[in-house]
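Student: Sending over a structure as structure tokens; questions will come in a sec.
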Amino acid sequence: MSAHFDLLIRNGTCVLPWGAEQTDVGVRNGRIIALGVGPDATADETIDARHLHVLPGLIDPHVHFRDPGDASVESIPTGSKGAILGGLTTVFDMPNTEPSMVDAAGMSWKREYVERVSWCDMGIYVGGTKTNIPELGNLELTCGCCGIKIFAGSSTGNLMVEDDEHLEMVMRSGRRRIAFHSEDEYRLQARKPMYKVGDPYASHMEWRDEECAFLGTRRLMALARKTGRPAHILHVSTAQEFDYLKEFRDIATAEVLVNHLTQVAPDCYERLDGFAVMNPPIRGQKHMDAAWRALNDGLVDTIGSDHAPHAREKKMLPWPNCASGLTGVQTLVPIMLNHVNAGRLSLTRMVDLMSAGPARVYGAVAKGRLAAGYDADFTLVDMKKQRRIEESWIVCPAGWTPFAGMDITGWPVGTIVRGKAVMRDDTVIGEPSGKLVKFIG
Ligand SMILES: [Zn+2]
């Protein structure tokens, strides 16, 4: 008797953990059941992926969906819709909302809410503060929690743990890998009086200079070594940190943002003014080159968008009053595919960074691999499709992208979450059915 599946993906070039192969994928009950199923297999639904690449579902481990907050800027319903339109099957959402996600009640509300309104699967961070340290060891083990996020330097919101004493207490509070925003808060504050309102937007990278980030990372690595607690350094942005982190691979993993791989100063500030301002800042060519070198050396584990929307009016305020943060969840995959087509990394390495990488770093269960028994999450991409990024395509209510006008080769044309097609050719299908990701405790 020939096999029957819920879903068959036929004729695609599948990026498997051991390399790209043209094969057919059989899905049942939301899971991958078989690769290389025979011609007589049948299915309720068959997708012909001829001329397409079938990637394991791509993950953005760094988004700020601002929910609860201001839904006219972003929310989980709209942010997760942007994710699936952009070819992502899963996102991990940051805790600096209004109010912040820092306790059991908040996390419990968010868990229930996510499974009601999200289009994609989600992991949720719990924020560390100086006052919730005793609870962090339990909070990081709650269902759907991808880990603790610590802001060691100030950014949007009021979450912050900046001093060594409290950082060490946080590191001794549990055992899972902690994600850090690494900038030295004392140096940021000490340098602030050197600048005035209305200075050029490029002052952002001078105020929050290389040493702010490098010093923050040196302090965190010293504490991680001392306590033995694994650390994930988010958005590494300086040549110095990439070099330094090679000595800490026993305790540290590293993220790079698509922004730091794609935009460069001073050009970005001249073109985009406040719409290029983010933390840590977009820097000069030397640092972009170092990020690409680190990525191709294998130092980098994950790539994120750091999707962090703000209203246009707030981005247009004079520096430094303009809000920090760029939109990006919907444009992450197209831009990375364009980098693949430009020869800057291989498609296999992109999948390692955007699917296997986040699953490994955060311990996501049954995600990150196109293999039997794993969740049937797929990103279908047309590597030859050419398209320009237009703001009219962006569903984030803030309504802007710093990548508007960029010509792209390689585009996500289908998103499948646990066996259910939720996007095909720019069309969203069905109803929100995202679930919380499970993590190894
Ligand atoms: Zn962020």
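The chains in the structure tokens are called A, B, ... from first to last as shown; in each chain the residues are counted from 1, and the ligands are counted from 1 in the order shown.
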Within range 390-426 of chain A, find each residue whose DSSP state, derived from the backbone, is strand (DSSP E), and express the selection as a list in words.
Tutor: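 Taking range 390-426 of chain A and keeping strand (DSSP E) only, one gets Asp407, Ile408, Thr409, Gly410, Trp411, Pro412, Val413, Gly414, Thr415, Ile416, Val417, Lys420, Ala421, Val422, Met423 and Arg424 of chain A.
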Student: Okay, now the selection with all heavy atoms, as a short mmCIF file (atom, residue, chain, number, x, y, z; two decimals), in the first residue's frame?
Tutor:
data_model
loop_
_atom_site.label_atom_id
_atom_site.label_comp_id
_atom_site.auth_asym_id
_atom_site.auth_seq_id
_atom_site.Cartn_x
_atom_site.Cartn_y
_atom_site.Cartn_z
N ASP A 407 16.77 46.83 -4.57
CA ASP A 407 16.46 45.79 -5.56
C ASP A 407 17.01 44.46 -5.07
O ASP A 407 18.18 44.36 -4.71
CB ASP A 407 17.06 46.16 -6.91
CG ASP A 407 16.28 47.28 -7.57
OD1 ASP A 407 15.03 47.19 -7.58
OD2 ASP A 407 16.90 48.25 -8.02
N ILE A 408 16.14 43.46 -5.08
CA ILE A 408 16.45 42.16 -4.47
C ILE A 408 16.38 41.07 -5.54
O ILE A 408 15.47 41.07 -6.36
CB ILE A 408 15.39 41.84 -3.38
CG1 ILE A 408 15.43 42.88 -2.25
CG2 ILE A 408 15.53 40.42 -2.86
CD1 ILE A 408 16.59 42.78 -1.32
N THR A 409 17.31 40.13 -5.49
CA THR A 409 17.17 38.88 -6.26
C THR A 409 17.08 37.74 -5.26
O THR A 409 18.01 37.55 -4.45
CB THR A 409 18.37 38.67 -7.20
OG1 THR A 409 18.53 39.83 -8.02
CG2 THR A 409 18.17 37.44 -8.07
N GLY A 410 15.96 36.98 -5.34
CA GLY A 410 15.70 35.92 -4.38
C GLY A 410 14.59 36.35 -3.44
O GLY A 410 14.73 37.36 -2.75
N TRP A 411 13.48 35.61 -3.45
CA TRP A 411 12.31 36.11 -2.68
C TRP A 411 11.56 34.92 -2.06
O TRP A 411 11.41 33.88 -2.72
CB TRP A 411 11.39 36.88 -3.64
CG TRP A 411 10.46 37.81 -2.92
CD1 TRP A 411 9.21 37.52 -2.45
CD2 TRP A 411 10.73 39.17 -2.56
NE1 TRP A 411 8.68 38.62 -1.83
CE2 TRP A 411 9.59 39.65 -1.88
CE3 TRP A 411 11.82 40.03 -2.74
CZ2 TRP A 411 9.50 40.95 -1.38
CZ3 TRP A 411 11.73 41.33 -2.24
CH2 TRP A 411 10.58 41.78 -1.57
N PRO A 412 11.06 35.07 -0.83
CA PRO A 412 10.23 34.00 -0.25
C PRO A 412 8.84 34.01 -0.89
O PRO A 412 8.18 35.05 -0.91
CB PRO A 412 10.15 34.40 1.23
CG PRO A 412 10.36 35.87 1.26
CD PRO A 412 11.25 36.21 0.08
N VAL A 413 8.42 32.86 -1.42
CA VAL A 413 7.13 32.80 -2.11
C VAL A 413 6.12 31.91 -1.39
O VAL A 413 4.95 31.83 -1.79
CB VAL A 413 7.30 32.33 -3.57
CG1 VAL A 413 8.11 33.36 -4.36
CG2 VAL A 413 7.94 30.95 -3.65
N GLY A 414 6.55 31.24 -0.31
CA GLY A 414 5.62 30.42 0.45
C GLY A 414 6.10 30.21 1.87
O GLY A 414 7.31 30.10 2.12
N THR A 415 5.14 30.22 2.81
CA THR A 415 5.46 29.97 4.22
C THR A 415 4.51 28.89 4.72
O THR A 415 3.29 29.03 4.60
CB THR A 415 5.30 31.25 5.06
OG1 THR A 415 6.05 32.31 4.46
CG2 THR A 415 5.79 31.04 6.49
N ILE A 416 5.09 27.84 5.28
CA ILE A 416 4.28 26.71 5.79
C ILE A 416 4.66 26.50 7.25
O ILE A 416 5.83 26.34 7.58
CB ILE A 416 4.57 25.44 4.97
CG1 ILE A 416 4.15 25.66 3.50
CG2 ILE A 416 3.83 24.23 5.56
CD1 ILE A 416 4.69 24.63 2.54
N VAL A 417 3.65 26.57 8.13
CA VAL A 417 3.90 26.41 9.57
C VAL A 417 3.21 25.13 10.04
O VAL A 417 2.00 25.00 9.93
CB VAL A 417 3.38 27.62 10.36
CG1 VAL A 417 3.64 27.43 11.87
CG2 VAL A 417 4.06 28.91 9.89
N LYS A 420 0.84 23.60 7.58
CA LYS A 420 -0.26 24.43 7.08
C LYS A 420 0.33 25.61 6.31
O LYS A 420 1.11 26.39 6.86
CB LYS A 420 -1.05 24.93 8.30
CG LYS A 420 -2.27 25.73 7.98
CD LYS A 420 -3.07 25.96 9.27
CE LYS A 420 -4.26 26.87 9.04
NZ LYS A 420 -3.93 28.28 8.87
N ALA A 421 -0.08 25.73 5.03
CA ALA A 421 0.39 26.87 4.23
C ALA A 421 -0.29 28.13 4.75
O ALA A 421 -1.53 28.21 4.79
CB ALA A 421 0.05 26.65 2.77
N VAL A 422 0.49 29.11 5.19
CA VAL A 422 -0.08 30.35 5.72
C VAL A 422 0.20 31.54 4.81
O VAL A 422 -0.42 32.60 4.94
CB VAL A 422 0.42 30.65 7.15
CG1 VAL A 422 -0.13 29.62 8.13
CG2 VAL A 422 1.94 30.71 7.22
N MET A 423 1.15 31.37 3.86
CA MET A 423 1.41 32.43 2.86
C MET A 423 1.82 31.79 1.57
O MET A 423 2.60 30.85 1.55
CB MET A 423 2.53 33.37 3.34
CG MET A 423 2.81 34.57 2.42
SD MET A 423 3.84 34.25 0.94
CE MET A 423 5.49 34.21 1.66
N ARG A 424 1.25 32.28 0.45
CA ARG A 424 1.71 31.89 -0.86
C ARG A 424 1.63 33.11 -1.76
O ARG A 424 0.57 33.74 -1.85
CB ARG A 424 0.85 30.74 -1.43
CG ARG A 424 1.45 30.08 -2.66
CD ARG A 424 2.72 29.31 -2.28
NE ARG A 424 3.65 29.21 -3.39
CZ ARG A 424 3.79 28.14 -4.17
NH1 ARG A 424 3.07 27.07 -3.95
NH2 ARG A 424 4.66 28.15 -5.16
#
Student: Give as a list in words the residues surrounding ligand 1 up to a distance of 8 Å, considering only C-alpha atoms and all ligand atoms.
Tutor: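 Using only C-alpha atoms and all ligand atoms, everything at most 8 Å from ligand 1 comes to His62, Val63, His64, Met94, His181, Leu234, His235, Asn279, Asp306, His307, Ala308 and Gly325 of chain A.
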Student: For range 51-99 of chain A versus range 23-28 of chain A, which residues have an atom no more than 12 Å away, and what is each residue's nearest atom pair and distance in Å rounded to one decimal, using only C-alpha atoms, chain-then-number order, as a Markdown table?
Tutor:
| residue | atom | partner | partner_atom | distance |
| --- | --- | --- | --- | --- |
| A:Leu52 | CA | A:Thr23 | CA | 11.6 |
| A:His53 | CA | A:Thr23 | CA | 10.5 |
| A:Val54 | CA | A:Val25 | CA | 9.4 |
| A:Leu55 | CA | A:Val25 | CA | 11.4 |
| A:Pro56 | CA | A:Val25 | CA | 11.3 |
Student: Which one is closest to Pro61 in chain A: A:Gln263, A:Ser305, A:Ser80, A:Asn321? Count only C-alpha atoms.
Tutor: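 That would be A:Ser305, the residue with the smallest distance to Pro61 in chain A.
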Student: Suppose you want the space between CA of Met354 in chain A and CA of Leu58 in chain A; what is it in Å?
Tutor: 5.4 Å
Student: Which value, in Å to one decimal, gives the distance between CA of Val117 in chain A and CA of Val381 in chain A?
Tutor: 25.5 Å
